[in-house]
Protein chains: 2
Amino acid sequence: MAGGSGTRFWPLSRRKTPKQFLSIGTDKALIVETIERLAPLIMPDRVKVVAGISHTQTLRETYDHLPTEAYITEPCARNTAPCIGLAAVTIAHENPDAVMAVLPSDHHIGDAETYRQLVKLAVKRADEGEFVTLGIQPTRPETGYGYIECDPDENLENEGARAPVFPVRQFVEKPDKATAQTYVETGRYLWNSGMFFFKASELLAAFEQHLPEMYDRLMQVSEVMGDPDYADKLDTLFSDFQSISFDYGIMEPLSQTSSPCPIRVIPAQIGWNDVGHWAALEDFAEFDDARNVIDGDAIIVDSHNNIVHSNSGTVALVGVEDLVVVHTPDATLVMPKNRSQDVRAVVDALKVQGKDELL
Amino acid sequence: MAGGSGTRFWPLSRRKTPKQFLSIGTDKALIVETIERLAPLIMPDRVKVVAGISHTQTLRETYDHLPTEAYITEPCARNTAPCIGLAAVTIAHENPDAVMAVLPSDHHIGDAETYRQLVKLAVKRADEGEFVTLGIQPTRPETGYGYIECDPDENLENEGARAPVFPVRQFVEKPDKATAQTYVETGRYLWNSGMFFFKASELLAAFEQHLPEMYDRLMQVSEVMGDPDYADKLDTLFSDFQSISFDYGIMEPLSQTSSPCPIRVIPAQIGWNDVGHWAALEDFAEFDDARNVIDGDAIIVDSHNNIVHSNSGTVALVGVEDLVVVHTPDATLVMPKNRSQDVRAVVDALKVQGKDELL
């Protein structure tokens, strides 16, 4: 899923190059890392990238290792349920029983080796007909993520397996601080990573049950696949899709209405980070001796605990602390790390001022 | 005098474009403001610019209003005494009794109208054979400037004149804080602005008396003027000149050894600023409602008391205070205002790292 259009990494992220196309605390663009991280398991010709036309374009320009068929173009933005539904009918059209791994393209995973082992396990379980997700072992009572409640006393996997597999009790929305605290303390809650594994056919059955109207439209899409004017027909059909998230439209009702819940979660300690804002780099990037995180050319004088990013050119700091400083040729951002979430205010101001060239 | 090569306005100032070629808190480059400020008094064909070849080149590229004869090229850097001496013999070669106004090219003057009136008065006195300087009325016990002690009880100018003219007692070097404090309290001390007015012939007589060896060389330069290989000959002669400042080599001994001292000072309240470092902009540039000084495109969110400069591109600040932020396409500088003097450390680091393209 490469359709995200976040603004929290401005001025590095722009409309044409949102977060997934950036190297933030990483060697390569996050989406390229996402693809290449699984290269030992998934051949390039089995990779599908779902995104709007401008983002697939951006990827093709910067990463030419995928065949044309890899790109599934969303005619317009309709949130994740239609996105994953479109991918499912496309894949099912080739092979209904294919196992899909649905992966966000803009996350960082520090321990790729462990991650691949868990993916292997998830794919195995999905191939047996289950819905599987990776649940991130919480390291703090984070209020910015959804949680998955599981039953950690009921390991469904063999003793010898790489990791346990637990039944999911429920998906829960972003909690308040106190609730998050209890979640972490019980040991029954994991962060919802947004990574899902299932057979295309199983998923489409879930669509039929929980989003029947969308399912009907997806079947209409499936029927016109291969038509010479498929793109036009998809345009028309897709714009009528309900804009709804996959979690809310499929996973939550699936966990509630089916008994027992058919969803499995694999607890994952894989150095996961959703790279939510500039200050998140401190969670996984390397520090210099003065605890600065520096990506790009920099001259650091008497400065500590800063995050510096420059994709070209040099950033010079003298006597500053706890700042985020991002230099691009046409824009520079300076803010305290604890204001990282407020980059949106800058982007909003740029919109108001009509500075489209910077968006 | 356009030969300065300061580094304190990096990353805006570079070797090819030191401070005098920058618009810092001003509409035009400081040197252009210096020339145009006096345009009502001094025609372009009476302007001489003394600088090394690369800096005269920079000026010719950006300001094409001066005739070729305006440029006096210093073959190498030898401080201000040889610089002014070379200008003096060049001007004396045309007209020995011409009055020279020696002016730094990198200062800001807020009240140009008053300044021109004082220059007019200074030129009148110089035409009568005196050495005249403008002394800036101190506004604080500054330790970064030289001072001029005068005798404020002895106004040499008519009552009806625009300003008084006082005899100079002595030129004194940069004082310590306590001394500066007493200087300001006595009311007898003015800041040395580096602006001097005298007849070329009078100045050369002072060279003969106080820097006799340099005077001899200047006469040799004068003799070869107009030769087809003048530039080559000047090259050879000039490199042997003693590197010494005009204040130290001429004005100080002139004030000490001649009795009575032939130097006059006109107290000047002209909004003078030597634009010594980034934080100096606060002394004369305009503030926004949040007391930020902003030159160039900027998005300011919850940020106060900052100095922002961008010659191209946009600077965005979120929740920061008391910073200097300078954006250029290939480099960004961030520091607290009170570290403005330490830009040198960045330039030194660039030199050590061999990043010549940023110097």
# chains A, B, ... in the order shown; residues from 1 in each chain; ligands from 1
>>> residues_around(residues="Ser312 (chain B)", least_positions_apart="2", cutoff="10 Å", atoms="only C-alpha atoms", output="list in words")
Pro329, Asp330 and Ala331 of chain A; Gly296, Asp297, His309, Ser310, Thr314, Val315, His327, Thr328 and Pro329 of chain B
>>> write_last_selection(atoms="N, CA, C and O atoms", output="PDB file, in the first residue's frame")
ATOM      1  N   PRO A 329      16.744  22.099  -0.876  1.00  0.00           N
ATOM      2  CA  PRO A 329      17.200  23.275  -1.622  1.00  0.00           C
ATOM      3  C   PRO A 329      16.220  24.446  -1.572  1.00  0.00           C
ATOM      4  O   PRO A 329      16.640  25.599  -1.533  1.00  0.00           O
ATOM      5  N   ASP A 330      14.921  24.172  -1.532  1.00  0.00           N
ATOM      6  CA  ASP A 330      13.974  25.289  -1.568  1.00  0.00           C
ATOM      7  C   ASP A 330      13.225  25.540  -0.264  1.00  0.00           C
ATOM      8  O   ASP A 330      12.360  26.412  -0.216  1.00  0.00           O
ATOM      9  N   ALA A 331      13.549  24.801   0.784  1.00  0.00           N
ATOM     10  CA  ALA A 331      12.867  25.048   2.057  1.00  0.00           C
ATOM     11  C   ALA A 331      13.644  24.453   3.220  1.00  0.00           C
ATOM     12  O   ALA A 331      14.250  23.390   3.096  1.00  0.00           O
TER      13      ALA A 331
ATOM     14  N   GLY B 296      13.067  37.513   3.340  1.00  0.00           N
ATOM     15  CA  GLY B 296      12.831  36.381   2.455  1.00  0.00           C
ATOM     16  C   GLY B 296      11.544  35.675   2.830  1.00  0.00           C
ATOM     17  O   GLY B 296      10.834  36.089   3.752  1.00  0.00           O
ATOM     18  N   ASP B 297      11.251  34.602   2.128  1.00  0.00           N
ATOM     19  CA  ASP B 297      10.021  33.843   2.364  1.00  0.00           C
ATOM     20  C   ASP B 297      10.105  33.066   3.674  1.00  0.00           C
ATOM     21  O   ASP B 297      11.096  32.375   3.917  1.00  0.00           O
ATOM     22  N   HIS B 309      16.685  34.576   7.481  1.00  0.00           N
ATOM     23  CA  HIS B 309      17.111  35.095   6.182  1.00  0.00           C
ATOM     24  C   HIS B 309      17.089  33.960   5.165  1.00  0.00           C
ATOM     25  O   HIS B 309      17.610  32.884   5.411  1.00  0.00           O
ATOM     26  N   SER B 310      16.459  34.242   4.041  1.00  0.00           N
ATOM     27  CA  SER B 310      16.474  33.276   2.947  1.00  0.00           C
ATOM     28  C   SER B 310      16.574  34.053   1.646  1.00  0.00           C
ATOM     29  O   SER B 310      15.723  34.885   1.350  1.00  0.00           O
ATOM     30  N   THR B 314      12.120  28.924   1.178  1.00  0.00           N
ATOM     31  CA  THR B 314      11.273  29.286   2.320  1.00  0.00           C
ATOM     32  C   THR B 314      11.841  28.702   3.606  1.00  0.00           C
ATOM     33  O   THR B 314      12.285  27.566   3.623  1.00  0.00           O
ATOM     34  N   VAL B 315      11.805  29.501   4.658  1.00  0.00           N
ATOM     35  CA  VAL B 315      12.176  29.008   5.986  1.00  0.00           C
ATOM     36  C   VAL B 315      10.899  28.859   6.801  1.00  0.00           C
ATOM     37  O   VAL B 315      10.098  29.791   6.869  1.00  0.00           O
ATOM     38  N   HIS B 327      18.783  30.293   5.394  1.00  0.00           N
ATOM     39  CA  HIS B 327      18.668  29.254   4.374  1.00  0.00           C
ATOM     40  C   HIS B 327      19.252  29.744   3.053  1.00  0.00           C
ATOM     41  O   HIS B 327      18.928  30.837   2.599  1.00  0.00           O
ATOM     42  N   THR B 328      20.120  28.955   2.475  1.00  0.00           N
ATOM     43  CA  THR B 328      20.523  29.152   1.079  1.00  0.00           C
ATOM     44  C   THR B 328      20.290  27.804   0.393  1.00  0.00           C
ATOM     45  O   THR B 328      20.126  26.792   1.068  1.00  0.00           O
ATOM     46  N   PRO B 329      20.269  27.766  -0.933  1.00  0.00           N
ATOM     47  CA  PRO B 329      19.957  26.485  -1.571  1.00  0.00           C
ATOM     48  C   PRO B 329      20.890  25.348  -1.152  1.00  0.00           C
ATOM     49  O   PRO B 329      20.452  24.214  -1.020  1.00  0.00           O
TER      50      PRO B 329
END
>>> interface_residues(of="chain B", to="chain A", cutoff="8 Å", atoms="only C-alpha atoms", output="PyMOL selection string")
chain B and resi 299-301+312-320+327-336+339+342-343+345-346+349-350
>>> write_last_selection(atoms="C-alpha atoms", output="mmCIF file, in the first residue's frame")
data_model
loop_
_atom_site.group_PDB
_atom_site.id
_atom_site.type_symbol
_atom_site.label_atom_id
_atom_site.label_comp_id
_atom_site.auth_asym_id
_atom_site.auth_seq_id
_atom_site.Cartn_x
_atom_site.Cartn_y
_atom_site.Cartn_z
ATOM 1 C CA ILE B 299 6.302 30.541 7.494
ATOM 2 C CA ILE B 300 6.309 31.452 11.178
ATOM 3 C CA VAL B 301 4.311 29.340 13.649
ATOM 4 C CA SER B 312 15.730 31.873 -2.149
ATOM 5 C CA GLY B 313 13.347 29.278 -0.840
ATOM 6 C CA THR B 314 11.273 29.286 2.320
ATOM 7 C CA VAL B 315 12.176 29.008 5.986
ATOM 8 C CA ALA B 316 9.551 27.473 8.281
ATOM 9 C CA LEU B 317 9.807 27.928 12.032
ATOM 10 C CA VAL B 318 7.590 26.136 14.542
ATOM 11 C CA GLY B 319 7.819 26.976 18.234
ATOM 12 C CA VAL B 320 11.348 28.371 18.349
ATOM 13 C CA HIS B 327 18.668 29.254 4.374
ATOM 14 C CA THR B 328 20.523 29.152 1.079
ATOM 15 C CA PRO B 329 19.957 26.485 -1.571
ATOM 16 C CA ASP B 330 23.072 24.547 -0.565
ATOM 17 C CA ALA B 331 23.418 25.340 3.129
ATOM 18 C CA THR B 332 21.382 26.177 6.202
ATOM 19 C CA LEU B 333 22.661 27.719 9.430
ATOM 20 C CA VAL B 334 20.859 27.490 12.780
ATOM 21 C CA MET B 335 22.167 29.048 16.000
ATOM 22 C CA PRO B 336 20.986 31.121 18.947
ATOM 23 C CA ARG B 339 26.173 32.738 19.255
ATOM 24 C CA ASP B 342 30.673 31.859 16.361
ATOM 25 C CA VAL B 343 29.812 31.390 12.712
ATOM 26 C CA ALA B 345 33.707 27.951 13.826
ATOM 27 C CA VAL B 346 31.497 26.627 11.037
ATOM 28 C CA ALA B 349 35.203 23.366 10.001
ATOM 29 C CA LEU B 350 34.300 23.681 6.313
#
>>> atom_distance(atom1="CA of Pro262 (chain B)", atom2="CA of Val50 (chain B)")
25.8 Å
>>> residues_around(residues="Asp289 (chain B)", least_positions_apart="2", cutoff="12 Å", atoms="only C-alpha atoms", output="list in words")
Glu286, Phe287, Arg291, Asn292, Val293, Ile294, Ile300, Asp302, Ser303, His304, Asn305 and Asn306 of chain B
>>> select_by_dssp(residues="region 267-351 of chain A", states="strand (DSSP E)", output="JSON, numbers by chain")
{"A": [267, 268, 272, 273, 293, 294, 295, 296, 297, 298, 299, 300, 301, 307, 308, 309, 310, 311, 312, 313, 314, 315, 316, 317, 318, 323, 324, 325, 326, 327, 328, 331, 332, 333, 334, 335, 336]}
>>> residues_around(residues="region 120-125 of chain B", least_positions_apart="3", cutoff="10 Å", atoms="only C-alpha atoms", output="list in words")
Leu38, Leu41, Val99, Met100, Ala101, Thr114, Tyr115, Arg116, Gln117, Glu128, Gly129, Glu130, Phe131, Val132, Thr133, Leu134, Glu157, Ala161, Arg162, Ala163, Pro164, Val165, Phe196, Phe197, Phe198, Lys199, Arg264, Val265 and Ile266 of chain B
>>> select_by_dssp(residues="region 113-214 of chain B", states="helix (DSSP H, G or I)", output="ChimeraX atom specification")
/B:113-127,177-186,200-210,212-214
>>> write_last_selection(atoms="N, CA and C atoms", output="short mmCIF file (atom, residue, chain, number, x, y, z; two decimals), in the first residue's frame")
data_model
loop_
_atom_site.label_atom_id
_atom_site.label_comp_id
_atom_site.auth_asym_id
_atom_site.auth_seq_id
_atom_site.Cartn_x
_atom_site.Cartn_y
_atom_site.Cartn_z
N GLU B 113 19.90 61.02 4.89
CA GLU B 113 19.81 62.47 4.69
C GLU B 113 20.78 63.21 5.61
N THR B 114 20.76 62.87 6.89
CA THR B 114 21.69 63.48 7.85
C THR B 114 23.13 63.12 7.47
N TYR B 115 23.32 61.88 7.09
CA TYR B 115 24.65 61.42 6.68
C TYR B 115 25.21 62.28 5.55
N ARG B 116 24.38 62.55 4.55
CA ARG B 116 24.86 63.36 3.41
C ARG B 116 25.22 64.78 3.86
N GLN B 117 24.45 65.32 4.79
CA GLN B 117 24.76 66.66 5.29
C GLN B 117 26.12 66.67 5.99
N LEU B 118 26.38 65.61 6.76
CA LEU B 118 27.66 65.55 7.48
C LEU B 118 28.82 65.32 6.50
N VAL B 119 28.56 64.51 5.48
CA VAL B 119 29.61 64.27 4.47
C VAL B 119 29.94 65.59 3.76
N LYS B 120 28.89 66.35 3.47
CA LYS B 120 29.09 67.65 2.81
C LYS B 120 29.99 68.55 3.66
N LEU B 121 29.69 68.58 4.95
CA LEU B 121 30.48 69.37 5.88
C LEU B 121 31.92 68.85 5.95
N ALA B 122 32.06 67.52 6.01
CA ALA B 122 33.39 66.91 6.09
C ALA B 122 34.21 67.24 4.85
N VAL B 123 33.55 67.18 3.70
CA VAL B 123 34.25 67.46 2.44
C VAL B 123 34.69 68.93 2.39
N LYS B 124 33.83 69.81 2.90
CA LYS B 124 34.17 71.24 2.93
C LYS B 124 35.42 71.47 3.79
N ARG B 125 35.45 70.83 4.95
CA ARG B 125 36.61 71.00 5.84
C ARG B 125 37.84 70.36 5.22
N ALA B 126 37.66 69.20 4.59
CA ALA B 126 38.80 68.53 3.95
C ALA B 126 39.35 69.40 2.83
N ASP B 127 38.46 70.07 2.13
CA ASP B 127 38.88 70.94 1.03
C ASP B 127 39.72 72.11 1.57
N LYS B 177 35.64 46.35 28.77
CA LYS B 177 34.29 46.80 29.10
C LYS B 177 34.29 48.02 30.03
N ALA B 178 35.12 47.96 31.08
CA ALA B 178 35.15 49.06 32.06
C ALA B 178 35.60 50.35 31.40
N THR B 179 36.64 50.24 30.57
CA THR B 179 37.15 51.43 29.89
C THR B 179 36.09 51.99 28.95
N ALA B 180 35.43 51.08 28.21
CA ALA B 180 34.38 51.52 27.30
C ALA B 180 33.29 52.28 28.06
N GLN B 181 32.98 51.76 29.25
CA GLN B 181 31.97 52.40 30.08
C GLN B 181 32.36 53.85 30.40
N THR B 182 33.61 54.05 30.83
CA THR B 182 34.05 55.42 31.15
C THR B 182 34.07 56.28 29.89
N TYR B 183 34.47 55.69 28.77
CA TYR B 183 34.46 56.44 27.50
C TYR B 183 33.08 57.03 27.23
N VAL B 184 32.08 56.14 27.36
CA VAL B 184 30.72 56.57 27.04
C VAL B 184 30.25 57.64 28.02
N GLU B 185 30.64 57.47 29.31
CA GLU B 185 30.18 58.40 30.34
C GLU B 185 30.77 59.80 30.19
N THR B 186 32.04 59.88 29.77
CA THR B 186 32.67 61.20 29.66
C THR B 186 32.03 62.06 28.58
N ALA B 200 43.82 64.30 -1.38
CA ALA B 200 44.79 63.26 -1.72
C ALA B 200 46.20 63.73 -1.40
N SER B 201 46.50 64.99 -1.72
CA SER B 201 47.85 65.52 -1.48
C SER B 201 48.18 65.56 0.01
N GLU B 202 47.21 65.93 0.84
CA GLU B 202 47.44 65.97 2.29
C GLU B 202 47.70 64.56 2.81
N LEU B 203 46.92 63.61 2.30
CA LEU B 203 47.10 62.25 2.78
C LEU B 203 48.47 61.72 2.39
N LEU B 204 48.88 62.00 1.14
CA LEU B 204 50.19 61.50 0.71
C LEU B 204 51.30 62.14 1.55
N ALA B 205 51.10 63.39 1.94
CA ALA B 205 52.08 64.04 2.83
C ALA B 205 52.14 63.30 4.17
N ALA B 206 50.97 62.83 4.64
CA ALA B 206 50.94 62.06 5.90
C ALA B 206 51.64 60.72 5.72
N PHE B 207 51.45 60.09 4.56
CA PHE B 207 52.18 58.85 4.27
C PHE B 207 53.69 59.12 4.31
N GLU B 208 54.10 60.25 3.69
CA GLU B 208 55.52 60.57 3.63
C GLU B 208 56.10 60.70 5.03
N GLN B 209 55.29 61.28 5.93
CA GLN B 209 55.77 61.51 7.29
C GLN B 209 55.74 60.24 8.15
N HIS B 210 54.64 59.46 8.04
CA HIS B 210 54.45 58.38 9.00
C HIS B 210 54.73 56.98 8.45
N PRO B 212 57.07 56.37 5.61
CA PRO B 212 57.92 56.89 4.52
C PRO B 212 58.29 55.82 3.49
N GLU B 213 58.51 54.59 3.96
CA GLU B 213 58.88 53.54 3.01
C GLU B 213 57.72 53.26 2.06
N MET B 214 56.51 53.19 2.65
CA MET B 214 55.33 52.96 1.80
C MET B 214 55.12 54.13 0.85
#
>>> closest_atom_pairs(of="region 217-301 of chain B", to="region 56-80 of chain B", cutoff="7 Å", atoms="only C-alpha atoms", output="CSV")
residue,atom,partner,partner_atom,distance
B:Asp235,CA,B:Pro75,CA,5.4
B:Phe238,CA,B:Pro75,CA,6.7
B:Ser239,CA,B:Cys76,CA,6.6
B:Phe241,CA,B:Arg78,CA,6.9
B:Gln242,CA,B:Arg78,CA,6.8
B:Ser243,CA,B:Arg78,CA,4.4
B:Ile244,CA,B:Asn79,CA,5.5
B:Ser245,CA,B:Thr80,CA,4.7
B:Phe246,CA,B:Thr80,CA,5.1
>>> write_last_selection(atoms="N, CA, C and O atoms", output="PDB file, in the first residue's frame")
ATOM      1  N   ASP B 235      51.647  44.894  -9.675  1.00  0.00           N
ATOM      2  CA  ASP B 235      51.746  43.569  -9.045  1.00  0.00           C
ATOM      3  C   ASP B 235      53.017  43.454  -8.224  1.00  0.00           C
ATOM      4  O   ASP B 235      52.993  43.096  -7.039  1.00  0.00           O
ATOM      5  N   PHE B 238      53.271  46.232  -5.339  1.00  0.00           N
ATOM      6  CA  PHE B 238      52.271  46.147  -4.273  1.00  0.00           C
ATOM      7  C   PHE B 238      52.537  44.989  -3.310  1.00  0.00           C
ATOM      8  O   PHE B 238      52.296  45.095  -2.111  1.00  0.00           O
ATOM      9  N   SER B 239      53.048  43.887  -3.871  1.00  0.00           N
ATOM     10  CA  SER B 239      53.268  42.724  -3.005  1.00  0.00           C
ATOM     11  C   SER B 239      54.325  43.020  -1.939  1.00  0.00           C
ATOM     12  O   SER B 239      54.378  42.351  -0.917  1.00  0.00           O
ATOM     13  N   PHE B 241      54.436  45.868  -0.316  1.00  0.00           N
ATOM     14  CA  PHE B 241      53.901  46.838   0.639  1.00  0.00           C
ATOM     15  C   PHE B 241      53.745  46.191   2.007  1.00  0.00           C
ATOM     16  O   PHE B 241      53.382  45.020   2.118  1.00  0.00           O
ATOM     17  N   GLN B 242      54.017  47.011   3.031  1.00  0.00           N
ATOM     18  CA  GLN B 242      53.792  46.525   4.394  1.00  0.00           C
ATOM     19  C   GLN B 242      52.288  46.348   4.623  1.00  0.00           C
ATOM     20  O   GLN B 242      51.495  47.217   4.262  1.00  0.00           O
ATOM     21  N   SER B 243      51.908  45.228   5.225  1.00  0.00           N
ATOM     22  CA  SER B 243      50.508  45.002   5.552  1.00  0.00           C
ATOM     23  C   SER B 243      50.205  45.663   6.883  1.00  0.00           C
ATOM     24  O   SER B 243      50.620  45.186   7.939  1.00  0.00           O
ATOM     25  N   ILE B 244      49.493  46.772   6.843  1.00  0.00           N
ATOM     26  CA  ILE B 244      49.250  47.534   8.071  1.00  0.00           C
ATOM     27  C   ILE B 244      47.941  48.308   7.896  1.00  0.00           C
ATOM     28  O   ILE B 244      47.593  48.708   6.778  1.00  0.00           O
ATOM     29  N   SER B 245      47.239  48.475   9.005  1.00  0.00           N
ATOM     30  CA  SER B 245      45.948  49.162   8.881  1.00  0.00           C
ATOM     31  C   SER B 245      46.159  50.674   8.785  1.00  0.00           C
ATOM     32  O   SER B 245      47.151  51.223   9.270  1.00  0.00           O
ATOM     33  N   PHE B 246      45.210  51.333   8.168  1.00  0.00           N
ATOM     34  CA  PHE B 246      45.271  52.780   7.986  1.00  0.00           C
ATOM     35  C   PHE B 246      45.215  53.496   9.343  1.00  0.00           C
ATOM     36  O   PHE B 246      45.952  54.451   9.577  1.00  0.00           O
TER      37      PHE B 246
END
>>> atom_distance(atom1="CA of Ser54 (chain A)", atom2="CA of Gly276 (chain A)")
22.1 Å
>>> closest_residue(among="A:His55, A:Arg188, A:His107, A:Arg46", to="Glu154 (chain A)", atoms="only C-alpha atoms")
A:Arg188
>>> closest_atom_pairs(of="region 226-331 of chain A", to="region 87-96 of chain A", cutoff="12 Å", atoms="only C-alpha atoms", output="JSON lines")
{"residue": "A:Gly226", "atom": "CA", "partner": "A:His93", "partner_atom": "CA", "distance": 9.7}
{"residue": "A:Tyr230", "atom": "CA", "partner": "A:Thr90", "partner_atom": "CA", "distance": 12.0}
{"residue": "A:Leu234", "atom": "CA", "partner": "A:Thr90", "partner_atom": "CA", "distance": 11.7}
>>> atom_distance(atom1="CA of Ser23 (chain A)", atom2="CA of Gly144 (chain A)")
22.6 Å
>>> decode(residues="region 26-33 of chain A", atoms="all heavy atoms", output="JSON list (two decimals), in the first residue's frame")
[["chain", "number", "residue", "atom", "x", "y", "z"],
["A", 26, "THR", "N", 16.94, 5.74, 6.99],
["A", 26, "THR", "CA", 17.14, 4.48, 6.28],
["A", 26, "THR", "C", 18.04, 4.73, 5.07],
["A", 26, "THR", "O", 18.22, 5.86, 4.65],
["A", 26, "THR", "CB", 15.80, 3.91, 5.78],
["A", 26, "THR", "OG1", 15.10, 4.94, 5.06],
["A", 26, "THR", "CG2", 14.93, 3.46, 6.94],
["A", 27, "ASP", "N", 18.58, 3.63, 4.51],
["A", 27, "ASP", "CA", 19.46, 3.80, 3.36],
["A", 27, "ASP", "C", 18.67, 4.10, 2.10],
["A", 27, "ASP", "O", 19.09, 4.89, 1.26],
["A", 27, "ASP", "CB", 20.29, 2.52, 3.13],
["A", 27, "ASP", "CG", 21.30, 2.32, 4.25],
["A", 27, "ASP", "OD1", 21.67, 3.33, 4.89],
["A", 27, "ASP", "OD2", 21.70, 1.16, 4.49],
["A", 28, "LYS", "N", 17.55, 3.41, 1.96],
["A", 28, "LYS", "CA", 16.73, 3.57, 0.76],
["A", 28, "LYS", "C", 15.35, 4.08, 1.14],
["A", 28, "LYS", "O", 14.99, 4.09, 2.31],
["A", 28, "LYS", "CB", 16.62, 2.23, 0.03],
["A", 28, "LYS", "CG", 17.96, 1.67, -0.40],
["A", 28, "LYS", "CD", 17.80, 0.34, -1.09],
["A", 28, "LYS", "CE", 19.17, -0.22, -1.49],
["A", 28, "LYS", "NZ", 19.07, -1.56, -2.09],
["A", 29, "ALA", "N", 14.59, 4.46, 0.13],
["A", 29, "ALA", "CA", 13.22, 4.90, 0.39],
["A", 29, "ALA", "C", 12.48, 3.81, 1.16],
["A", 29, "ALA", "O", 12.70, 2.62, 0.95],
["A", 29, "ALA", "CB", 12.50, 5.18, -0.93],
["A", 30, "LEU", "N", 11.60, 4.22, 2.08],
["A", 30, "LEU", "CA", 10.90, 3.25, 2.93],
["A", 30, "LEU", "C", 10.19, 2.20, 2.09],
["A", 30, "LEU", "O", 10.19, 1.01, 2.43],
["A", 30, "LEU", "CB", 9.91, 3.97, 3.85],
["A", 30, "LEU", "CG", 10.55, 4.79, 4.98],
["A", 30, "LEU", "CD1", 9.52, 5.70, 5.65],
["A", 30, "LEU", "CD2", 11.21, 3.89, 6.02],
["A", 31, "ILE", "N", 9.59, 2.59, 0.97],
["A", 31, "ILE", "CA", 8.87, 1.61, 0.16],
["A", 31, "ILE", "C", 9.83, 0.61, -0.49],
["A", 31, "ILE", "O", 9.52, -0.58, -0.62],
["A", 31, "ILE", "CB", 7.98, 2.29, -0.90],
["A", 31, "ILE", "CG1", 7.11, 1.23, -1.60],
["A", 31, "ILE", "CG2", 8.79, 3.07, -1.92],
["A", 31, "ILE", "CD1", 6.03, 1.82, -2.48],
["A", 32, "VAL", "N", 10.98, 1.07, -0.87],
["A", 32, "VAL", "CA", 11.98, 0.17, -1.45],
["A", 32, "VAL", "C", 12.49, -0.79, -0.37],
["A", 32, "VAL", "O", 12.64, -1.99, -0.60],
["A", 32, "VAL", "CB", 13.13, 0.96, -2.09],
["A", 32, "VAL", "CG1", 14.25, 0.03, -2.52],
["A", 32, "VAL", "CG2", 12.62, 1.79, -3.27],
["A", 33, "GLU", "N", 12.70, -0.25, 0.84],
["A", 33, "GLU", "CA", 13.10, -1.12, 1.95],
["A", 33, "GLU", "C", 12.01, -2.16, 2.21],
["A", 33, "GLU", "O", 12.30, -3.33, 2.49],
["A", 33, "GLU", "CB", 13.35, -0.29, 3.21],
["A", 33, "GLU", "CG", 14.46, 0.75, 3.04],
["A", 33, "GLU", "CD", 15.60, 0.58, 4.03],
["A", 33, "GLU", "OE1", 15.36, 0.03, 5.10],
["A", 33, "GLU", "OE2", 16.73, 0.99, 3.70]]
